[in-house]
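A short worksheet on the structure shown next.
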Protein chains: 2
Amino acid sequence: MKPIGVIISPFRDVSDNVPIQGALAPDAEGLIKVYPEYTEGLRDVEGFSHVIVLYLFHKCHGSMLAVRPYMDDTVRGVFATRSPHRPNHIGLTVAKLVAREGNCLRVAGIDVLDGTPLLDIKPFVPAFDAPAGATAGWAEKYTTGEKTPVSTSTKSGMEWRHG
Amino acid sequence: MKPIGVIISPFRDVSDNVPIQGALAPDAEGLIKVYPEYTEGLRDVEGFSHVIVLYLFHKCHGSMLAVRPYMDDTVRGVFATRSPHRPNHIGLTVAKLVAREGNCLRVAGIDVLDGTPLLDIKPFVPAFDAPAGATAGWAEKYTTGEKTPVSTSTKSGMEWRHG
């Protein structure tokens, strides 16, 4: 498992109000750069409207099995959250593909720190990745507007450490 | 990066007609077992209708930047496909969560080989993971019924090796 590129984003630090999910920051633009030797692998990706980006939570050290999600006021099992403090520090964002420029993808809706190591890019296929009628457990009320999330961005390393 | 569990599936071998995507085999049931020491991390996951499963393509050796997807008759860049032959052998399936039983999740729509090492489980949140109006590039015609896919399951190690 080795980085295949790097993600350039407007967010320099966890105190920088990093959106906790790309969908919550649709205007945040980022640049996904694969190393030049992987450029050929991007062929035809420009036809897709969205990509699934897998990356390393490289600023996250350690893991916890119970975390309090930023949105919520209750401690949850880490696999019921998108917290970086997971046993394997793999992050996932579905981002809108704005354009491909050589070995770079310009994307909108990015929620990662500048310099994040890239692990993989997969095409988003609605028929595979967007099941009809899906519901979001404890997060449902926060994402449907029924309840206001506690927070939708990181604010400090302290909160970051507490998931 | 270490396995946190294992996936039990009905598919023993790549010659076993493994569905290329879980959504194409909604009745294929599997069992996602996290090792007992991670059980606490599953708390509250049972509230979600679907989970994003990340795993290792452990039977896939080597990688290619250009592959022919099973569905298609044209060679594509690997990042425009879901081929296992990627630089990092990370697989992703959105599966329907049927039930949680202790350290196991019973899921439907599984498309992995029996014994696949588990890397992560993330809750599927429609507001984050299912962008409205997404389109699927070259795969669009195959997933909307406009054109019949060349294949929707693996049939031999040879095809597997050729992506």
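Ligands are numbered from 1 in the order shown, residues from 1 within each chain, and chains are lettered A, B, ... in the order they appear in the structure tokens.
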Checklist entry - When the cut-off is 8 Å and we count only C-alpha atoms, which residues of chain B are near chain A, given as an NGL selection string? => result :B and (1-2 or 4 or 21-24 or 38 or 40-50 or 65-66 or 76-82 or 86-90 or 93-94 or 119-131 or 134-140 or 143)
Checklist entry - When DSSP works through the backbone of this structure, what residues of segment 36-158 of chain A end up as strand (DSSP E or B), shown as number ranges by chain? => result A: 48, 50-56, 66-67, 76-77, 90-101, 104-108, 116-123, 136, 153
Item to check | All helix (DSSP H, G or I) positions in chain B, as a ChimeraX atom specification | outcome: /B:22-24,36-42,45-47,78-80,126-129,137-143,157-161
Write the residues you've just listed into a file as a compact mmCIF listing (two decimals), in the first residue's frame, and include N, CA and C atoms for each of them.
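Output saved as result28.txt:
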# COMPACT_ATOMS: atom_id res chain seq x y z
N GLY B 22 -21.61 -5.84 -6.17
CA GLY B 22 -22.64 -6.32 -5.27
C GLY B 22 -24.04 -5.96 -5.75
N ALA B 23 -24.18 -4.77 -6.34
CA ALA B 23 -25.51 -4.32 -6.78
C ALA B 23 -26.07 -5.23 -7.87
N LEU B 24 -25.18 -5.97 -8.54
CA LEU B 24 -25.63 -6.88 -9.59
C LEU B 24 -26.00 -8.25 -9.03
N PRO B 36 -12.72 -10.11 17.10
CA PRO B 36 -13.42 -9.77 18.35
C PRO B 36 -12.94 -8.48 19.00
N GLU B 37 -11.65 -8.17 18.88
CA GLU B 37 -11.15 -6.95 19.54
C GLU B 37 -11.69 -5.66 18.94
N TYR B 38 -12.34 -5.75 17.77
CA TYR B 38 -12.93 -4.55 17.13
C TYR B 38 -14.44 -4.47 17.29
N THR B 39 -15.03 -5.42 18.01
CA THR B 39 -16.50 -5.49 18.12
C THR B 39 -17.11 -4.17 18.59
N GLU B 40 -16.47 -3.52 19.56
CA GLU B 40 -17.02 -2.26 20.10
C GLU B 40 -17.21 -1.21 19.01
N GLY B 41 -16.37 -1.27 17.98
CA GLY B 41 -16.46 -0.29 16.89
C GLY B 41 -17.72 -0.42 16.06
N LEU B 42 -18.44 -1.53 16.20
CA LEU B 42 -19.67 -1.75 15.41
C LEU B 42 -20.92 -1.13 16.05
N VAL B 45 -23.94 0.76 14.23
CA VAL B 45 -23.92 0.56 12.78
C VAL B 45 -25.22 -0.09 12.32
N GLU B 46 -25.88 -0.80 13.21
CA GLU B 46 -27.12 -1.50 12.84
C GLU B 46 -28.25 -0.54 12.43
N GLY B 47 -28.10 0.75 12.75
CA GLY B 47 -29.12 1.72 12.35
C GLY B 47 -29.06 2.09 10.88
N VAL B 78 -7.28 2.26 -15.63
CA VAL B 78 -7.73 1.48 -14.46
C VAL B 78 -8.53 2.33 -13.48
N PHE B 79 -8.23 3.64 -13.39
CA PHE B 79 -8.97 4.50 -12.46
C PHE B 79 -10.36 4.87 -12.99
N ALA B 80 -10.65 4.49 -14.22
CA ALA B 80 -12.00 4.63 -14.77
C ALA B 80 -12.75 3.31 -14.70
N PRO B 126 -26.49 8.68 2.53
CA PRO B 126 -26.89 9.17 1.20
C PRO B 126 -26.49 10.61 0.94
N ALA B 127 -26.60 11.48 1.95
CA ALA B 127 -26.29 12.90 1.72
C ALA B 127 -24.81 13.11 1.41
N PHE B 128 -23.94 12.18 1.83
CA PHE B 128 -22.51 12.32 1.56
C PHE B 128 -22.10 11.51 0.32
N ASP B 129 -22.75 10.37 0.15
CA ASP B 129 -22.21 9.35 -0.75
C ASP B 129 -23.02 9.12 -2.02
N GLY B 137 -20.14 7.79 -17.10
CA GLY B 137 -19.18 7.67 -18.20
C GLY B 137 -19.46 6.48 -19.10
N TRP B 138 -18.41 5.72 -19.43
CA TRP B 138 -18.55 4.57 -20.34
C TRP B 138 -19.50 3.52 -19.77
N ALA B 139 -19.65 3.46 -18.44
CA ALA B 139 -20.49 2.43 -17.83
C ALA B 139 -21.97 2.77 -17.87
N GLU B 140 -22.28 4.02 -18.19
CA GLU B 140 -23.67 4.49 -18.14
C GLU B 140 -24.60 3.60 -18.98
N LYS B 141 -24.19 3.33 -20.22
CA LYS B 141 -25.07 2.58 -21.12
C LYS B 141 -25.31 1.15 -20.63
N TYR B 142 -24.34 0.61 -19.89
CA TYR B 142 -24.49 -0.76 -19.39
C TYR B 142 -25.34 -0.82 -18.12
N THR B 143 -25.38 0.26 -17.38
CA THR B 143 -26.11 0.23 -16.10
C THR B 143 -27.52 0.79 -16.23
N GLY B 157 -9.77 -17.37 -14.22
CA GLY B 157 -8.60 -16.63 -13.76
C GLY B 157 -8.01 -15.80 -14.88
N MET B 158 -8.16 -16.30 -16.09
CA MET B 158 -7.63 -15.57 -17.24
C MET B 158 -8.31 -14.20 -17.36
N GLU B 159 -9.65 -14.22 -17.32
CA GLU B 159 -10.35 -12.94 -17.41
C GLU B 159 -10.00 -12.05 -16.22
N TRP B 160 -9.95 -12.68 -15.06
CA TRP B 160 -9.59 -11.93 -13.86
C TRP B 160 -8.26 -11.22 -14.07
N ARG B 161 -7.29 -11.97 -14.60
CA ARG B 161 -5.97 -11.37 -14.80
C ARG B 161 -5.99 -10.26 -15.83
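Coordinates place atom CA of Val150 of chain A at a distance of 21.2 Å from atom CA of Asp27 of chain A.
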Item to check | Near-Thr154 of chain A list (6 Å; only C-alpha atoms; drop same-chain fewer than 4 positions) as JSON, numbers by chain | outcome: {"A": [14, 17, 18]}
Keeping only N, CA and C atoms, write those residues as an mmCIF file, in the first residue's frame.
data_model
loop_
_atom_site.group_PDB
_atom_site.id
_atom_site.type_symbol
_atom_site.label_atom_id
_atom_site.label_comp_id
_atom_site.auth_asym_id
_atom_site.auth_seq_id
_atom_site.Cartn_x
_atom_site.Cartn_y
_atom_site.Cartn_z
ATOM 1 N N VAL A 14 -5.973 21.173 10.700
ATOM 2 C CA VAL A 14 -7.283 20.789 11.248
ATOM 3 C C VAL A 14 -7.974 21.938 11.963
ATOM 4 N N ASN A 17 -11.090 24.830 9.897
ATOM 5 C CA ASN A 17 -12.497 24.584 9.548
ATOM 6 C C ASN A 17 -12.636 23.658 8.346
ATOM 7 N N VAL A 18 -11.962 22.547 8.413
ATOM 8 C CA VAL A 18 -12.064 21.566 7.335
ATOM 9 C C VAL A 18 -13.481 20.978 7.351
#
Checklist entry - What lies within 6 Å of Ile32 of chain A using only C-alpha atoms, ignoring chain neighbours under 4 positions off, as a PyMOL selection string? => result chain A and resi 7+104-105
Create the file for the chosen residues now, containing N, CA and C atoms and written as a PDB file, in the first residue's frame.
ATOM      1  N   ILE A   7      -3.187  15.033  -2.747  1.00  0.00           N
ATOM      2  CA  ILE A   7      -4.355  15.905  -2.924  1.00  0.00           C
ATOM      3  C   ILE A   7      -4.009  17.308  -2.439  1.00  0.00           C
ATOM      4  N   CYS A 104      -3.818  15.356 -13.459  1.00  0.00           N
ATOM      5  CA  CYS A 104      -4.581  15.961 -12.357  1.00  0.00           C
ATOM      6  C   CYS A 104      -6.079  15.916 -12.622  1.00  0.00           C
ATOM      7  N   LEU A 105      -6.832  15.716 -11.541  1.00  0.00           N
ATOM      8  CA  LEU A 105      -8.287  15.865 -11.607  1.00  0.00           C
ATOM      9  C   LEU A 105      -8.668  17.069 -10.746  1.00  0.00           C
TER      10      LEU A 105
END
Next on the checklist: Set the distance at 6 Å and use only C-alpha atoms: which residues neighbour Val6 of chain B once local chain neighbours fewer than 4 positions away are removed? I'd like the list as a list in words.
Outcome noted: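 The neighbour list is Lys33, Gly115, Thr116, Pro117 and Leu118 of chain B.
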